[in-house]
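J.: This structure is in structure tokens; I'll ask about it shortly.
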Amino acid sequence: MATKPLQAVVLPTPVPPASANGFANGEKAGGGDTRTVIIVHGQGQEGIVSVFADVLGKPFRLATSLRSVADAGHGMRQDCGHTCALRESGDAPGRGAVERMRLRVSVRGEAVFQERPVTLHLLYAWADQPPRGAHHKTQNILHLDDVPRRADGAAESRHLDRGIGRRRAASRCRASAMWENGKFPMENPQLFYEYLYRAIQWGVEYIDVEIWLPEEIRRNLYEKRGNSKIISAFHDFSGGFRWPSERAQEIFRDSRRYGDIVKMITVINDVSENYELEYFRSQIRANNPSGPALSAVNMGRLGQISRAFNTVFSPITHPLLPIVAAPGQMSAAEINGALATMSQLPRKTIFAITSRPSAQTAFFEKCFNELGLTHRLSAVDRGPNRNIESFCSQPDFGGAYLNPPIAAAQAYIPQLSDAARAIGAIDTITAHATAAGSQLIGDNAMWKGIRATLTRDFAPAAYRGRAAIVVASSADDASTAVFALRSLNVGTIYTVGFRAGERAPGSAGLWQGSEAFTGVESVQRVEMPVVVVSALPPSRSHLVQPLLRHFGAWPGARRAAGKAAESGSGRIFVDLASGPRKGDPRVVAEQCGWTCYGVADTGAFATVEVLRLLVGQNVPYSFVRLASGRSLS
């Protein structure tokens with residue numbers, strides 16, 4: 001994905017359909033996408049078109065002029081959507097031609113792709129629903145480094161696209177005025193609009209919009225925000241602002257009109273003003289139960305306690321950074337330590353219950369230390385006769401991770417998540433304090449690890465309605481992968497090595513519409529699957545290789561027969577085996593053109609989910625892979 005087309009434009013966003021999914025927390029993919037993606041590329045850069053088609057799972061065609069794109073684009077808006085490529089030539093003189101084309105179509109998003117993954121932008125800017133995790137950070141953002149990127153730093157660049165583009169991966173984009181030690185002139189609000197709207201087009205997750213900007217600009221940004229979230233921001237550095245004042249209430253009311261999150265930052269003169277802020281925060285929560293969320297802190301050393309109490313988008317620093325971005329900023333470890341000192345972060349005992357040594361145990365200890373958590377990790381051997389219920393009944397039990405998982409039907413676990421109930425397996429037990437005592441909930445995190453792996457480089461829409469193959473020794477081994485595939489709205493799931501049956505109550509719908517391969521003839525009747533998942537044990541993982549070779553030759557054979565591709569040729573192989581093996585099927589898969597993922601990928605994504613469930617910390621996947629050093633299975 002290193003090609004460099006000049007520009008990509010996509011037609012307007014339709015209203016996302018309601019998702020009747022049956023999965024908890026909006027985890028199932030949306031209803032697909034009918035839009036047409038238009039790619040403008042330079043001569044000899046046609047390869048980027050197939051990259052887009054693979055990522056989106058859509059067919060594509062080439063065009064020679066803007067007129068043919070515009071005329072054919074609307075006729076191409078079918079249920080599956082299309083990708084259309086236009087080479088820059090005399091008929092399409094670069095950016096100016098695209099700007100003129102905007103007069104005829106409403107552009108939803110655009111991007112200049114350089115040395116960076118295409119999927120990153122597609123998922124945030126164009127998805128019919130934002131990917132999981134994009135806006136879950138507002139639930140408790142202090143558990144993830146908020147590293148704001150300021151668009152005014154791009155003002156020195158001659159190219160607006162490149163200036164904002166280099167900041168696409170940021171979680172937040174902010175344009176700071178000169179009075180905030182920034183570079184944006186306050187006398188030119190339109191410049192703010194141009195930069196911030198470009199950040200929206202780039203799919204930046206959060207956009208800071210100052211409330212002193214003209215109302216028309218704030219309203220336009222809010223109405224055109226797409227999947228981005230608008231932070232309606234107020235800053236006061238005078239030292240004269242008072243939280244128990246009518247002005248503070250008025251600022252919140254004004255900010256909430258055009259904001260998904262309200263941010264209020266002030267400078268204080270006395271530590272007692274922190275308690276005035278907490279009373280103001282409690283009033284806002286009580287009077288606005290449906291939101292928007294309030295992020296409010298007092299700057300400077302006197303206001304550090306307010307950063308610990310703020311649970312929404314609290315910017316933090318890190319010891320490795322040379323300077324702090326704002327006076328009084330604290331690291332995540334410092335905030336967690338302060339909360340623990342004030343008994344706001346109770347100490348828990350987290351159990352790692354495994355049947356063999358696991359790298360995950362050492363990694364959890366690393367995370368606890370890095371984040372300043374006071375929790376105790378207890379690694380215990382499950383053993384053949386050990387009763388897991390005895391660990392769960394301990395007074396300081398704070399949760400457990402189990403590898404291998406246990407059956408979902410456990411009398412001492414009264415409540416199950418939808419995933420654990422359908423899959424029939426529990427790999428995570430969480431403890432929640434209630435008036436009657438601690439309540440245990442059984443959950444399954446591995447399916448989210450598999451799903452996150454599948455959508456790492458491919459949009460969820462790429463799987464919709466397309467065939468998938470699951471190879472396993474039993475339905476129990478395959479159920480987690482099948483649940484993840486169902487959440488992506490795949491078409492028929494073909495099974496190899498087992499027959500799906502009525503394994504457990506509530507799981508019948510998991511296998512509805514699946515078909516078993518009964519011989520070579522049934523395999524040959526199936527056209528190219530979008531994904532093959534192998535849940536075979538390590539000693540038998542090589543048995544999937546003939547299947548990979550057969551479908552690996554399918555695109556070439558189809559081209560030789562003169563048939564057009566009905567969708568992107570993206571092929572994904574996921575190997576869930578962990579341990580010594582005779583031969584690595586991923587080597588064969590890569591030779592046949594498959595995009596391959598292993599248990600290190602799914603395990604890392606699953607670990608992200610386990611940490612979120614057990615200790616409420618949003619640890620990035622990249623950190624998990626970096627710190628673990630090897631597979632976490």
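By convention in this document, the chains of the structure tokens carry letters A, B, ... by their order, each chain's residues are numbered from 1, and ligands are numbered from 1 in the order they are shown.
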Within segment 254-331 of chain A, find each residue whose DSSP state, derived from the backbone, is strand (DSSP E), and express the selection as a list in words.

T.: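 Written out, the strand (DSSP E) residues of segment 254-331 of chain A are Ile261, Val262, Lys263, Met264, Ile265, Thr266, Val267, Ala293, Leu294, Ser295, Ala296, Val297, Asn298 and Met299 of chain A.
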
J.: With distances taken over only C-alpha atoms, which residue among A:His375, A:Arg285, A:Lys263, A:Lys224 lies nearest Val312 of chain A?

T.: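 Closest candidate: A:Lys263.
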
J.: In terms of the shortest atom-to-atom distance over only C-alpha atoms, which of A:Arg256, A:Arg307, A:Arg219, A:Arg499 is closest to Leu339 of chain A?

T.: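 Ranking A:Arg256, A:Arg307, A:Arg219, A:Arg499 by distance to Leu339 of chain A, first place goes to A:Arg307.
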
J.: Each residue of segment 335-417 of chain A with at least one atom at most 12 Å from segment 458-476 of chain A should appear once, together with its nearest atom pair and the corresponding distance in Å (one decimal); atoms considered: only C-alpha atoms; ordering: chain, then increasing residue number; output as a tab-separated table.

T.:
residue	atom	partner	partner_atom	distance
A:Pro405	CA	A:Asp476	CA	10.9
A:Ile406	CA	A:Asp476	CA	11.0
A:Ala407	CA	A:Asp476	CA	9.7
A:Ala408	CA	A:Asp476	CA	11.5

J.: Within segment 286-514 of chain A, find each residue whose DSSP state, derived from the backbone, is helix (DSSP H, G or I), and express the selection as a PyMOL selection string.

T.: chain A and resi 286-287+301-309+332-341+359-370+388-392+418-423+446-454+460-463+475-487+508-511

J.: Can you write out the residues you just picked, keeping C-alpha atoms, as a JSON list (two decimals), in the first residue's frame?

T.:
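Listing of result_30.json after writing:
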[["chain", "number", "residue", "atom", "x", "y", "z"],
["A", 286, "ALA", "CA", -27.59, 15.93, 37.09],
["A", 287, "ASN", "CA", -29.20, 18.50, 34.78],
["A", 301, "ARG", "CA", -0.14, 22.74, 39.73],
["A", 302, "LEU", "CA", -3.05, 24.06, 41.80],
["A", 303, "GLY", "CA", -5.49, 22.36, 39.44],
["A", 304, "GLN", "CA", -3.86, 18.93, 39.16],
["A", 305, "ILE", "CA", -6.47, 17.28, 41.38],
["A", 306, "SER", "CA", -9.15, 18.30, 38.85],
["A", 307, "ARG", "CA", -7.30, 16.32, 36.17],
["A", 308, "ALA", "CA", -7.56, 13.23, 38.37],
["A", 309, "PHE", "CA", -11.31, 13.72, 38.90],
["A", 332, "ALA", "CA", -1.64, 8.22, 33.43],
["A", 333, "ALA", "CA", 0.40, 6.60, 36.19],
["A", 334, "GLU", "CA", 0.32, 9.81, 38.26],
["A", 335, "ILE", "CA", -3.45, 10.16, 37.82],
["A", 336, "ASN", "CA", -4.10, 6.53, 38.73],
["A", 337, "GLY", "CA", -1.80, 6.89, 41.75],
["A", 338, "ALA", "CA", -3.68, 9.97, 42.91],
["A", 339, "LEU", "CA", -7.04, 8.20, 42.53],
["A", 340, "ALA", "CA", -5.75, 5.20, 44.47],
["A", 341, "THR", "CA", -4.55, 7.49, 47.29],
["A", 359, "ALA", "CA", 3.42, -14.55, 28.23],
["A", 360, "GLN", "CA", 0.17, -12.73, 28.95],
["A", 361, "THR", "CA", 0.75, -12.89, 32.70],
["A", 362, "ALA", "CA", 4.06, -11.03, 32.48],
["A", 363, "PHE", "CA", 2.53, -8.55, 30.08],
["A", 364, "PHE", "CA", -0.32, -7.72, 32.48],
["A", 365, "GLU", "CA", 2.24, -6.96, 35.16],
["A", 366, "LYS", "CA", 4.03, -4.62, 32.73],
["A", 367, "CYS", "CA", 0.77, -2.82, 32.02],
["A", 368, "PHE", "CA", -0.12, -2.46, 35.69],
["A", 369, "ASN", "CA", 3.29, -0.96, 36.41],
["A", 370, "GLU", "CA", 3.25, 1.37, 33.39],
["A", 388, "ILE", "CA", -12.26, -21.98, 39.52],
["A", 389, "GLU", "CA", -15.20, -21.14, 41.75],
["A", 390, "SER", "CA", -12.87, -21.08, 44.76],
["A", 391, "PHE", "CA", -10.92, -18.17, 43.25],
["A", 392, "CYS", "CA", -14.08, -16.26, 42.34],
["A", 418, "ASP", "CA", -24.41, -12.15, 24.55],
["A", 419, "ALA", "CA", -21.12, -13.31, 23.04],
["A", 420, "ALA", "CA", -20.33, -15.81, 25.82],
["A", 421, "ARG", "CA", -23.85, -17.20, 25.65],
["A", 422, "ALA", "CA", -23.81, -17.68, 21.87],
["A", 423, "ILE", "CA", -20.25, -18.99, 21.69],
["A", 446, "MET", "CA", -11.29, -13.61, 21.89],
["A", 447, "TRP", "CA", -14.06, -13.06, 19.33],
["A", 448, "LYS", "CA", -13.34, -9.35, 19.45],
["A", 449, "GLY", "CA", -9.67, -10.11, 18.91],
["A", 450, "ILE", "CA", -10.54, -12.06, 15.77],
["A", 451, "ARG", "CA", -12.90, -9.38, 14.50],
["A", 452, "ALA", "CA", -10.38, -6.59, 15.15],
["A", 453, "THR", "CA", -7.76, -8.60, 13.24],
["A", 454, "LEU", "CA", -10.11, -9.03, 10.28],
["A", 460, "PRO", "CA", -16.15, -4.25, 7.60],
["A", 461, "ALA", "CA", -18.12, -3.74, 4.37],
["A", 462, "ALA", "CA", -15.56, -5.92, 2.55],
["A", 463, "TYR", "CA", -17.03, -8.99, 4.30],
["A", 475, "ALA", "CA", -17.82, -26.84, 16.53],
["A", 476, "ASP", "CA", -16.56, -25.81, 19.97],
["A", 477, "ASP", "CA", -13.19, -24.81, 18.48],
["A", 478, "ALA", "CA", -14.86, -22.90, 15.62],
["A", 479, "SER", "CA", -17.65, -21.08, 17.46],
["A", 480, "THR", "CA", -15.57, -18.02, 18.45],
["A", 481, "ALA", "CA", -14.43, -17.42, 14.86],
["A", 482, "VAL", "CA", -17.96, -17.97, 13.54],
["A", 483, "PHE", "CA", -19.38, -15.42, 15.98],
["A", 484, "ALA", "CA", -16.80, -12.86, 14.83],
["A", 485, "LEU", "CA", -17.66, -13.53, 11.19],
["A", 486, "ARG", "CA", -21.39, -13.23, 11.88],
["A", 487, "SER", "CA", -20.79, -9.81, 13.41],
["A", 508, "ALA", "CA", -28.59, -22.22, 17.26],
["A", 509, "GLY", "CA", -28.62, -18.91, 15.40],
["A", 510, "LEU", "CA", -24.83, -18.95, 15.27],
["A", 511, "TRP", "CA", -24.85, -21.84, 12.80]]

J.: Skipping near chain neighbours, those fewer than 4 positions away, what residues fall within 9 Å of Arg586 of chain A using only C-alpha atoms, listed as a PyMOL selection string?

T.: chain A and resi 545+573-575+590-591+594-598

J.: Take the selection from the previous step and output its residues with C-alpha atoms, as an mmCIF file, in the first residue's frame.

T.:
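Wrote it out as result27.cif, contents follow:
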data_model
loop_
_atom_site.group_PDB
_atom_site.id
_atom_site.type_symbol
_atom_site.label_atom_id
_atom_site.label_comp_id
_atom_site.auth_asym_id
_atom_site.auth_seq_id
_atom_site.Cartn_x
_atom_site.Cartn_y
_atom_site.Cartn_z
ATOM 1 C CA GLN A 545 -2.843 -25.911 2.998
ATOM 2 C CA PHE A 573 -6.230 -16.100 6.069
ATOM 3 C CA VAL A 574 -6.282 -16.259 9.867
ATOM 4 C CA ASP A 575 -4.419 -19.061 11.659
ATOM 5 C CA GLU A 590 1.483 -15.878 1.475
ATOM 6 C CA GLN A 591 2.907 -17.644 -1.558
ATOM 7 C CA TRP A 594 -3.336 -14.360 0.857
ATOM 8 C CA THR A 595 -3.115 -11.622 3.484
ATOM 9 C CA CYS A 596 -2.139 -13.579 6.592
ATOM 10 C CA TYR A 597 -2.636 -13.099 10.319
ATOM 11 C CA GLY A 598 -1.635 -15.358 13.177
#

J.: Quick one: residues within 12 Å of Val520 of chain A, only C-alpha atoms counted, chain neighbours fewer than 2 positions away excluded, as JSON, numbers by chain?

T.: {"A": [496, 516, 517, 518, 522, 523, 524, 525, 526, 546, 547, 550]}

J.: Residues of the last selection are to be written out with N, CA and C atoms, as a PDB file, in the first residue's frame.

T.:
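Okay, part.pdb is ready:
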ATOM      1  N   VAL A 496     -15.308 -26.961   7.539  1.00  0.00           N
ATOM      2  CA  VAL A 496     -14.468 -28.085   7.140  1.00  0.00           C
ATOM      3  C   VAL A 496     -13.950 -28.762   8.392  1.00  0.00           C
ATOM      4  N   ALA A 516     -21.600 -27.476   5.364  1.00  0.00           N
ATOM      5  CA  ALA A 516     -20.386 -28.271   5.548  1.00  0.00           C
ATOM      6  C   ALA A 516     -19.869 -28.771   4.205  1.00  0.00           C
ATOM      7  N   PHE A 517     -18.570 -28.677   4.006  1.00  0.00           N
ATOM      8  CA  PHE A 517     -17.943 -29.287   2.838  1.00  0.00           C
ATOM      9  C   PHE A 517     -17.915 -30.798   3.053  1.00  0.00           C
ATOM     10  N   THR A 518     -18.489 -31.537   2.099  1.00  0.00           N
ATOM     11  CA  THR A 518     -18.552 -32.994   2.229  1.00  0.00           C
ATOM     12  C   THR A 518     -17.582 -33.708   1.310  1.00  0.00           C
ATOM     13  N   SER A 522     -18.007 -30.378  -3.468  1.00  0.00           N
ATOM     14  CA  SER A 522     -18.628 -29.245  -2.793  1.00  0.00           C
ATOM     15  C   SER A 522     -17.664 -28.073  -2.690  1.00  0.00           C
ATOM     16  N   VAL A 523     -16.381 -28.345  -2.569  1.00  0.00           N
ATOM     17  CA  VAL A 523     -15.388 -27.270  -2.543  1.00  0.00           C
ATOM     18  C   VAL A 523     -15.326 -26.572  -3.894  1.00  0.00           C
ATOM     19  N   GLN A 524     -15.382 -27.333  -4.959  1.00  0.00           N
ATOM     20  CA  GLN A 524     -15.262 -26.764  -6.302  1.00  0.00           C
ATOM     21  C   GLN A 524     -16.475 -25.938  -6.693  1.00  0.00           C
ATOM     22  N   ARG A 525     -17.600 -26.159  -6.043  1.00  0.00           N
ATOM     23  CA  ARG A 525     -18.800 -25.376  -6.369  1.00  0.00           C
ATOM     24  C   ARG A 525     -18.777 -23.987  -5.739  1.00  0.00           C
ATOM     25  N   VAL A 526     -17.880 -23.766  -4.803  1.00  0.00           N
ATOM     26  CA  VAL A 526     -17.819 -22.490  -4.092  1.00  0.00           C
ATOM     27  C   VAL A 526     -16.802 -21.574  -4.757  1.00  0.00           C
ATOM     28  N   PRO A 546      -4.032 -27.427   1.398  1.00  0.00           N
ATOM     29  CA  PRO A 546      -4.669 -27.666   0.081  1.00  0.00           C
ATOM     30  C   PRO A 546      -5.800 -26.686  -0.215  1.00  0.00           C
ATOM     31  N   LEU A 547      -6.545 -26.316   0.807  1.00  0.00           N
ATOM     32  CA  LEU A 547      -7.639 -25.370   0.614  1.00  0.00           C
ATOM     33  C   LEU A 547      -7.094 -24.007   0.211  1.00  0.00           C
ATOM     34  N   HIS A 550      -5.947 -24.183  -3.425  1.00  0.00           N
ATOM     35  CA  HIS A 550      -7.062 -24.247  -4.381  1.00  0.00           C
ATOM     36  C   HIS A 550      -7.652 -22.861  -4.622  1.00  0.00           C
TER      37      HIS A 550
END

J.: Quick one: everything within 8 Å of Pro327 of chain A, counting only C-alpha atoms, minus sequence neighbours fewer than 3 positions away in the same chain. Send it as an MDAnalysis selection string.

T.: chainID A and resid 299:301 324

J.: Pick the closest to Met264 of chain A from A:Ile251, A:Val531, A:Leu576, A:Val209: which is it, counting only C-alpha atoms?

T.: A:Ile251
